[in-house]
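Undergrad: The structure's right below; bear with me while I get my questions together.
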There are 2 protein chains.
Amino acid sequence: MNLQKLFDPNSVAVIGANNTEGSVGYALMKNILAGKTREVYPITLDEKEVFGHVAYTSVTALPKTPDIAIIAIPAPAISKILKECAEKGVTTAVVISAGFKEAGEEGKKLEVEMRETADKYDITLLGPNCLGVMDAHTQWNASFAVNSPLKGGLGFVSQSGALGTALLDWANREGVGFSKFVSLGNEAQLTELEFLEYLRDDDETKAVLLYLEKVTNGAKFLELARSVTEKKPLVVLRAGRSARGSKAVASHTGSLAPSDKVFEAALRQAGAIPVDSTDTLFALAKLFELGITSPLQNLVILTNGGGPSVNTADLIGFSRSLELVEFTEKTKGELRSVLPPMAAVNNPIDVIGDAGPQRYKDTLNILLELDRIDAIITLVTPQMMTDPKDIAKVFVEMKHKKPIIPVFMGGDTVQSGIEVLHENSMLSFSSPANVVAALDALARGAPKPEGEAATHNTSTHLTMLPLEKMQRVLEQFNLYLDGEYVKHPDEIQGALERLGNGPYAMKAISTDLVHKSDLHAVKLNLKTAVEIEASWHDMQHYIDEHTKGTRAAARQATIEGVLIQKMVRGVECIIGMKRDATFGPVIIFGLGGIFVEILKDSSMRIAPVTMEEALKQIHEIQGLPLLTGARGAEPVDLEALATMITSLSTLALEHPEIEEIDFNPVFATPTGTSIVDARMMVK
Amino acid sequence: MNLQKLFDPNSVAVIGANNTEGSVGYALMKNILAGKTREVYPITLDEKEVFGHVAYTSVTALPKTPDIAIIAIPAPAISKILKECAEKGVTTAVVISAGFKEAGEEGKKLEVEMRETADKYDITLLGPNCLGVMDAHTQWNASFAVNSPLKGGLGFVSQSGALGTALLDWANREGVGFSKFVSLGNEAQLTELEFLEYLRDDDETKAVLLYLEKVTNGAKFLELARSVTEKKPLVVLRAGRSARGSKAVASHTGSLAPSDKVFEAALRQAGAIPVDSTDTLFALAKLFELGITSPLQNLVILTNGGGPSVNTADLIGFSRSLELVEFTEKTKGELRSVLPPMAAVNNPIDVIGDAGPQRYKDTLNILLELDRIDAIITLVTPQMMTDPKDIAKVFVEMKHKKPIIPVFMGGDTVQSGIEVLHENSMLSFSSPANVVAALDALARGAPKPEGEAATHNTSTHLTMLPLEKMQRVLEQFNLYLDGEYVKHPDEIQGALERLGNGPYAMKAISTDLVHKSDLHAVKLNLKTAVEIEASWHDMQHYIDEHTKGTRAAARQATIEGVLIQKMVRGVECIIGMKRDATFGPVIIFGLGGIFVEILKDSSMRIAPVTMEEALKQIHEIQGLPLLTGARGAEPVDLEALATMITSLSTLALEHPEIEEIDFNPVFATPTGTSIVDARMMVK
């Protein structure tokens with residue numbers, strides 16, 4: 001399908017053209033005539049001339065065959081007009097008019113009829129019910145939009161006209177330019193597929209942006225999307241992702257939005273970039289217009305103010321794929337040589353508040369030579385000594401060596417700098433959040449080596465409290481470690497009688513053995529005192545064998561006694577306390593084992609924790625259904641769990657010498673809770 | 001501590017005042033004199049008069065005691081000057097000058113000395129190294145910022161001056177006003193705590209915004225924060241949340257940022273609103289200035305363009321706490337009576353592109369009477385027929401009945417509307433994402449009833465393929481259900497011989513029994529053919545008893561045979577296929593049981609899935625460490641899992657009649673994979 005005439009016709013018939021300001025026919029004429037010189041033929045019954053151009057009463061009456069017909073007359077008349085266009089030899093048409101599928105049964109019929117006419121006469125048809133089509137490079141605006149686009153590299157295709165007008169108006173202010181701009185309307189014939197293919201092969205288009213409420217043909221879409229992303233980035237803002245959004249799409253276009261998760265997976269698989277909001281769409285548009293079309297992961301922040309750069313560093317820290325480059329001592333030395341002593345020469349680099357353009361320039365001169373840097377985010381905040389214009393000029397001057405991403409934060413004070421950028425085909429972001437979101441979206445698929453978080457490891461140099469001491473502390477707060485502690489095999493039988501029927505679990509107690517199961521120091525499913533005594537001996541033997549020559553051996557790792565417990569069943573939980581330097585005791589709750597360790601599914605409270613807060617804390621974890629009766633299980637006693645949290649909170653406040661407490665595991669059952677293992681750490 | 005003189009002094013000494021444009025002493029004088037009339041005394045050795053005010057050489061030489069001293073002279077001289085202030089009876093001072101703690105050891109000493117001087121002479125001291133302090137209501141700007149704030153209800157306290165200047169510049173452009181504005185600097189004496197307390201009790205302050213890099217006293221902070229949130233909202237932008245951000249804080253202020261997760265938990269517990277970016281901070285500031293200070297959950301979207309409203313609906317759909325109100329038929333009828341037939345009267349309400357002010361007004365008149373609505377998000381996109389000014393006037397006129405949240409999307413075309421809003425103490429957002437993020441942040445703690453997602457249930461009216469048919473299909477693609485299927489007890493012994501050593505698991509096979517374990521149709525740990533046969537009979541008996549009178553019984557739920565498998569160990573996985581209406585076969589991978597069902601931890605691909613994509617798919621799940629050898633386990637054979645995914649993908653493409661396939665569980669081991677149970681659904 002040849003779409004060339006849609007984007008750069010030499011001659012145009014405007015059917016429904018008129019001189020009445022505020023009408024669609026007027027706006028079309030105005031926009032078309034504002035571009036480069038073309039033969040323009042207004043078609044109207046009401047006027048002799050429109051915008052100074054001789055008007056004709058019918059396409060058939062034209063002195064020559066126009067390359068394209070732009071149609072804005074009432075829906076019922078359009079099929080007939082299309083036939084006349086065909087008679088005259090017109091091969092391309094845009095139907096702006098509404099009143100088709102979106103208007104109910106009658107309109108649906110009109111749309112089918114129109115489409116059949118177009119197909120029959122081999123007319124390439126965009127619309128109906130669309131804003132129109134624009135090409136900034138051929139100065140062609142066949143739309144009734146209020147603006148014309150700036151020239152640039154973005155190909156935009158939209159299933160919403162309003163989103164298009166908002167984007168265009170925003171883009172003009174922000175200095176973002178387009179190659180092609182297409183409003184699809186009802187897609188009676190041409191769909192997003194034909195334009196994807198066209199923009200893929202269009203050299204003016206450096207990146208493609210799509211707004212989609214439906215997908216015409218999933219398999220074909222994926223195939224095309226894949227072929228686009230091999231050449232240029234493709235960003236897709238999906239609509240109708242949520243149940244309510246999906247309903248809104250149905251009422252907007254009468255179409256079913258694709259299932260959200262599937263659509264997202266499909267886009268990723270095709271190498272496209274799914275985005276969730278117009279903000280991220282707009283931010284990516286800016287990156288593309290800055291010439292950034294492939295993933296940039298290794299970043300530097302250059303700032304004249306501490307706070308905004310720390311926030312930017314945090315946003316990068318929590319991103320999925322971005323990294324701040326670590327400078328070598330050599331680089332730091334170079335930076336120090338051009339910056340005042342108060343400046344920070346780590347990354348972020350803070351050239352501080354009184355920095356003029358030269359200081360930005362000197363710093364950039366050093367950074368732009370470093371291979372390991374993909375891009376530099378340059379933050380400029382309003383400062384008394386700062387002339388944003390001059391700093392902007394530095395960015396313009398140096399932008400060719402490496403991508404510089406300017407973020408001028410503020411309002412009128414920094415506006416003059418932004419204007420300098422616009423005059424020189426550069427752009428500015430207004431805050432770091434959108435920059436980071438857009439860079440992260442672009443770099444996805446290349447996840448960063450490890451997840452990061454600010455860790456303050458307080459566990460070093462702590463020692464474990466012996467079992468009996470710990471039990472005495474716990475008892476003060478009505479907390480009891482499950483089971484019987486025996487120090488000599490002779491006591492086993494008595495312990496079993498107190499515990500009642502088995503089977504039993506047995507654990508070796510030794511302050512040297514922290515990770516019990518690693519050392520085979522736990523035995524399960526024991527039934528008699530004899531079995532327990534035998535296991536005790538086996539354990540000591542095992543420990544002796546396996547700690548030979550280790551530090552544990554040096555400290556004579558012996559079993560001080562064993563803890564005998566009934567085999568407990570229930571949902572495995574962890575309840576713990578860690579003393580924070582700023583806030584004091586933090587109480588942690590989570591499901592046991594992998595849930596806390598691998599899935600990081602836990603919740604926190606600062607002591608003192610009330611019953612109400614403890615219940616809220618329990619309800620915050622993702623795995624809550626496992627406690628409240630998932631898969632037909634009986635719900636556990638949440639009140640008992642909450643009581644344990646509040647008791648631990650009180651204990652932590654009254655015993656400031658205890659740095660860490662772990663109840664792990666705690667088994668939660670429908671009738672209560674049981675602490676199966678515990679440890680306390682002191683300084 | 002009385003801070004009144006800090007915010008509304010009658011007389012001021014400006015120490016370091018001068019007439020040199022571009023200096024801090026000049027900027028201070030300019031800003032102070034721009035406010036309401038106060039007695040201003042410049043103190044300087046260099047000039048006779050500053051800004052037309054007689055200059056003095058020392059505070060002690062002043063004709064009267066000033067209420068406050070604003071100090072901007074080199075750090076080493078300040079302690080001496082503070083003593084002179086004390087001699088004169090000055091009780092409040094702001095030290096703007098840098099060169100203290102942030103400047104190294106020497107500066108640290110100067111700061112200690114200054115602080116001790118202030119304490120000794122009972123001087124209330126803000127700073128050093130700060131931007132200054134402002135009060136928009138008393139027209140007081142004792143800072144060297146480029147702007148003065150507009151009058152409003154926001155109390156802002158910041159540990160970064162640059163973040164303050166950026167916020168202020170932005171706020172002036174956006175029409176956001178402040179009550180108090182405090183730059184804390186190094187906090188030699190006054191900290192965020194004193195200002196939290198002050199702003200809590202300040203009637204001009206309707207909401208408090210904090211930017212924090214450190215917390216002076218965690219317990220005190222929490223207590224104060226709690227007392228603030230009982231009266232007004234408190235928003236906190238934390239810095240140093242990530243490892244890199246934390247390092248940046250250390251180099252910015254020399255302080256340790258609190259552990260991120262703990263700080264966030266602490267803030268939530270205190271009822272404060274933690275935010276992650278300046279964007280959300282700014283957006284909340286706007287909501288507060290619109291008078292929205294308590295949670296609003298039940299929303300309506302009113303728009304003149306479909307696309308942006310669908311995106312807004314999606315953002316609300318995926319929010320944690322916001323809801324779109326469902327209209328009654330009565331309301332829809334009322335809306336229909338004032339809107340054209342093409343308009344959408346669901347929520348979002350689309351008054352369509354040619355809507356003038358009257359249509360917005362008529363709609364709002366209906367909405368503002370409805371009790372169940374908390375607020376209305378009004379979207380205005382640039383449209384040819386739309387005059388943003390007149391629509392803005394409607395919002396101004398009607399804002400008193402219920403909160404109206406205007407979102408004028410675009411650039412210069414909608415600017416005139418935004419200006420009308422500013423002239424009338426209203427505001428506009430530029431896109432829906434920030435509105436939704438801010439409303440969601442404000443409403444947190446009141447989570448919405450259930451998580452939502454667009455679900456397209458395709459499972460209705462599907463029937464299960466019988467086992468033997470399924471096995472024939474699987475075998476074509478080298479997929480094998482684990483174990484031996486036997487139809488008669490006589491075959492058991494032979495099956496056991498083929499399987500090798502037990503123990504075995506046994507499953508009843510019946511197309512009626514989908515959820516096997518619910519019906520006790522699985523037996524584990526069987527050792528002999530005799531045990532298996534006995535279990536077979538037990539099962540049929542159990543099924544007969546438990547399906548009496550149910551639909552299963554009506555269909556004569558009999559066991560058609562049993563599947564005997566060796567007891568398999570390994571990591572439980574699920575591999576499945578579901579045919580999507582748009583994209584065709586979707587292949588799903590996840591860990592078994594609760595991981596998929598409760599934690600929703602799965603990843604998807606659209607068929608065809610290559611080996612490379614299958615491996616990527618496996619690596620996307622959160623629980624990946626369980627497959628790659630967490631807790632000392634041996635890693636499973638990921639290639640074997642990936643091969644199974646690619647085979648399933650091919651199967652799905654070649655058998656379009658199969659709608660769904662579940663391999664559940666699949667056990668993954670270090671040496672291979674094993675499909676323990678499977679089902680296929682056809683139409």
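Naming scheme: A, B, ... for chains in displayed order of the structure tokens; residues 1 onward per chain; ligands 1 onward as shown.
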Please tabulate, as JSON lines, the residues of chain A that come within 6 Å of chain B, each with its closest pair of atoms and the distance in Å to one decimal, counting only C-alpha atoms and ordering rows by chain, then residue number upward.
TA:
```
{"residue": "A:Val146", "atom": "CA", "partner": "B:Met384", "partner_atom": "CA", "distance": 5.9}
{"residue": "A:Ser160", "atom": "CA", "partner": "B:Gly307", "partner_atom": "CA", "distance": 5.0}
{"residue": "A:Ala162", "atom": "CA", "partner": "B:Gly305", "partner_atom": "CA", "distance": 4.8}
{"residue": "A:Leu163", "atom": "CA", "partner": "B:Gly307", "partner_atom": "CA", "distance": 5.4}
{"residue": "A:Thr165", "atom": "CA", "partner": "B:Pro382", "partner_atom": "CA", "distance": 5.9}
{"residue": "A:Ala166", "atom": "CA", "partner": "B:Gly410", "partner_atom": "CA", "distance": 4.4}
{"residue": "A:Asp169", "atom": "CA", "partner": "B:Gly410", "partner_atom": "CA", "distance": 4.7}
{"residue": "A:Trp170", "atom": "CA", "partner": "B:Gly410", "partner_atom": "CA", "distance": 4.2}
{"residue": "A:Arg173", "atom": "CA", "partner": "B:Gly411", "partner_atom": "CA", "distance": 5.5}
{"residue": "A:Gly218", "atom": "CA", "partner": "B:Phe583", "partner_atom": "CA", "distance": 4.2}
{"residue": "A:Ala219", "atom": "CA", "partner": "B:Phe583", "partner_atom": "CA", "distance": 5.7}
{"residue": "A:Ala239", "atom": "CA", "partner": "B:Asn311", "partner_atom": "CA", "distance": 5.7}
{"residue": "A:Arg241", "atom": "CA", "partner": "B:Asp314", "partner_atom": "CA", "distance": 5.8}
{"residue": "A:Ser242", "atom": "CA", "partner": "B:Ala453", "partner_atom": "CA", "distance": 4.9}
{"residue": "A:Ala243", "atom": "CA", "partner": "B:Ala454", "partner_atom": "CA", "distance": 4.1}
{"residue": "A:Gly245", "atom": "CA", "partner": "B:Asp314", "partner_atom": "CA", "distance": 4.7}
{"residue": "A:Ala248", "atom": "CA", "partner": "B:Val310", "partner_atom": "CA", "distance": 5.8}
{"residue": "A:Ala265", "atom": "CA", "partner": "B:Met604", "partner_atom": "CA", "distance": 5.8}
{"residue": "A:Ala266", "atom": "CA", "partner": "B:Ile606", "partner_atom": "CA", "distance": 5.9}
{"residue": "A:Gly305", "atom": "CA", "partner": "B:Ala162", "partner_atom": "CA", "distance": 4.8}
{"residue": "A:Gly307", "atom": "CA", "partner": "B:Ser160", "partner_atom": "CA", "distance": 5.0}
{"residue": "A:Pro308", "atom": "CA", "partner": "B:Leu163", "partner_atom": "CA", "distance": 5.6}
{"residue": "A:Val310", "atom": "CA", "partner": "B:Gly245", "partner_atom": "CA", "distance": 5.2}
{"residue": "A:Asn311", "atom": "CA", "partner": "B:Ala239", "partner_atom": "CA", "distance": 5.7}
{"residue": "A:Ala313", "atom": "CA", "partner": "B:Gly245", "partner_atom": "CA", "distance": 4.8}
{"residue": "A:Asp314", "atom": "CA", "partner": "B:Gly245", "partner_atom": "CA", "distance": 4.7}
{"residue": "A:Gly317", "atom": "CA", "partner": "B:Ser242", "partner_atom": "CA", "distance": 5.2}
{"residue": "A:Thr381", "atom": "CA", "partner": "B:Ala166", "partner_atom": "CA", "distance": 5.5}
{"residue": "A:Pro382", "atom": "CA", "partner": "B:Thr165", "partner_atom": "CA", "distance": 5.9}
{"residue": "A:Met384", "atom": "CA", "partner": "B:Val146", "partner_atom": "CA", "distance": 5.9}
{"residue": "A:Met409", "atom": "CA", "partner": "B:Ala166", "partner_atom": "CA", "distance": 5.5}
{"residue": "A:Gly410", "atom": "CA", "partner": "B:Trp170", "partner_atom": "CA", "distance": 4.2}
{"residue": "A:Gly411", "atom": "CA", "partner": "B:Trp170", "partner_atom": "CA", "distance": 4.3}
{"residue": "A:Ala453", "atom": "CA", "partner": "B:Ser242", "partner_atom": "CA", "distance": 5.0}
{"residue": "A:Ala454", "atom": "CA", "partner": "B:Ala243", "partner_atom": "CA", "distance": 4.1}
{"residue": "A:Thr582", "atom": "CA", "partner": "B:Gly218", "partner_atom": "CA", "distance": 4.8}
{"residue": "A:Phe583", "atom": "CA", "partner": "B:Gly218", "partner_atom": "CA", "distance": 4.3}
{"residue": "A:Met604", "atom": "CA", "partner": "B:Ala265", "partner_atom": "CA", "distance": 5.9}
{"residue": "A:Arg605", "atom": "CA", "partner": "B:Ala265", "partner_atom": "CA", "distance": 5.9}
{"residue": "A:Ile606", "atom": "CA", "partner": "B:Ala266", "partner_atom": "CA", "distance": 5.9}
```
Undergrad: Among segment 156-405 of chain A, which residues carry a DSSP assignment of alpha helix (DSSP H), reported as number ranges by chain?
TA: A: 161-174, 192-201, 218-229, 243-253, 260-269, 278-289, 306-317, 329-338, 357-367, 388-398
Undergrad: Which of segment 275-452 of chain A counts as strand (DSSP E or B) under DSSP, as an MDAnalysis selection string please?
TA: chainID A and resid 275 298:303 323:324 344 349:350 375:380 404:408 429
Undergrad: Just C-alpha atoms for this one: save the residues we selected as a short mmCIF file (atom, residue, chain, number, x, y, z; two decimals), in the first residue's frame.
TA:
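This is the output file selection.cif:
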```
data_model
loop_
_atom_site.label_atom_id
_atom_site.label_comp_id
_atom_site.auth_asym_id
_atom_site.auth_seq_id
_atom_site.Cartn_x
_atom_site.Cartn_y
_atom_site.Cartn_z
CA VAL A 275 4.55 2.89 28.95
CA ASN A 298 25.91 4.34 32.93
CA LEU A 299 25.08 7.82 34.05
CA VAL A 300 26.61 10.84 35.71
CA ILE A 301 24.67 13.52 37.56
CA LEU A 302 26.10 17.03 37.39
CA THR A 303 24.32 19.57 39.58
CA GLU A 323 23.69 2.91 37.22
CA LEU A 324 25.71 5.84 38.49
CA ALA A 344 31.59 17.18 45.55
CA ILE A 349 29.12 15.93 41.04
CA ASP A 350 27.98 19.07 42.86
CA ALA A 375 25.20 10.16 29.33
CA ILE A 376 25.27 13.08 31.73
CA ILE A 377 22.19 14.39 33.47
CA THR A 378 22.85 18.08 34.11
CA LEU A 379 20.68 19.65 36.80
CA VAL A 380 20.36 23.43 36.97
CA ILE A 404 23.81 15.69 27.72
CA ILE A 405 20.35 15.60 29.30
CA PRO A 406 19.49 19.03 30.71
CA VAL A 407 17.08 19.33 33.63
CA PHE A 408 16.30 22.96 34.39
CA PHE A 429 13.25 18.26 31.35
#
```
Undergrad: Would you list the contacts of segment 530-532 of chain A as a VMD selection string, taking every protein, DNA or RNA residue within 12 Å and counting only C-alpha atoms, but skipping same-chain residues closer than 5 positions in sequence?
TA: chain A and resid 486 488 to 493 495 to 496 502 to 508 522 to 525 537 to 539 561 to 565
Undergrad: Do you have the atom CA of Val50 of chain A-atom CA of Ala17 of chain A distance handy?
TA: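 So the two atoms, atom CA of Val50 of chain A and atom CA of Ala17 of chain A, lie 6.9 Å apart.
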Undergrad: From the list A:Thr331, A:Ser321, A:Asn424, A:Thr37, which residue is nearest Val176 of chain A when using only C-alpha atoms?
TA: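 Closest candidate: A:Asn424.
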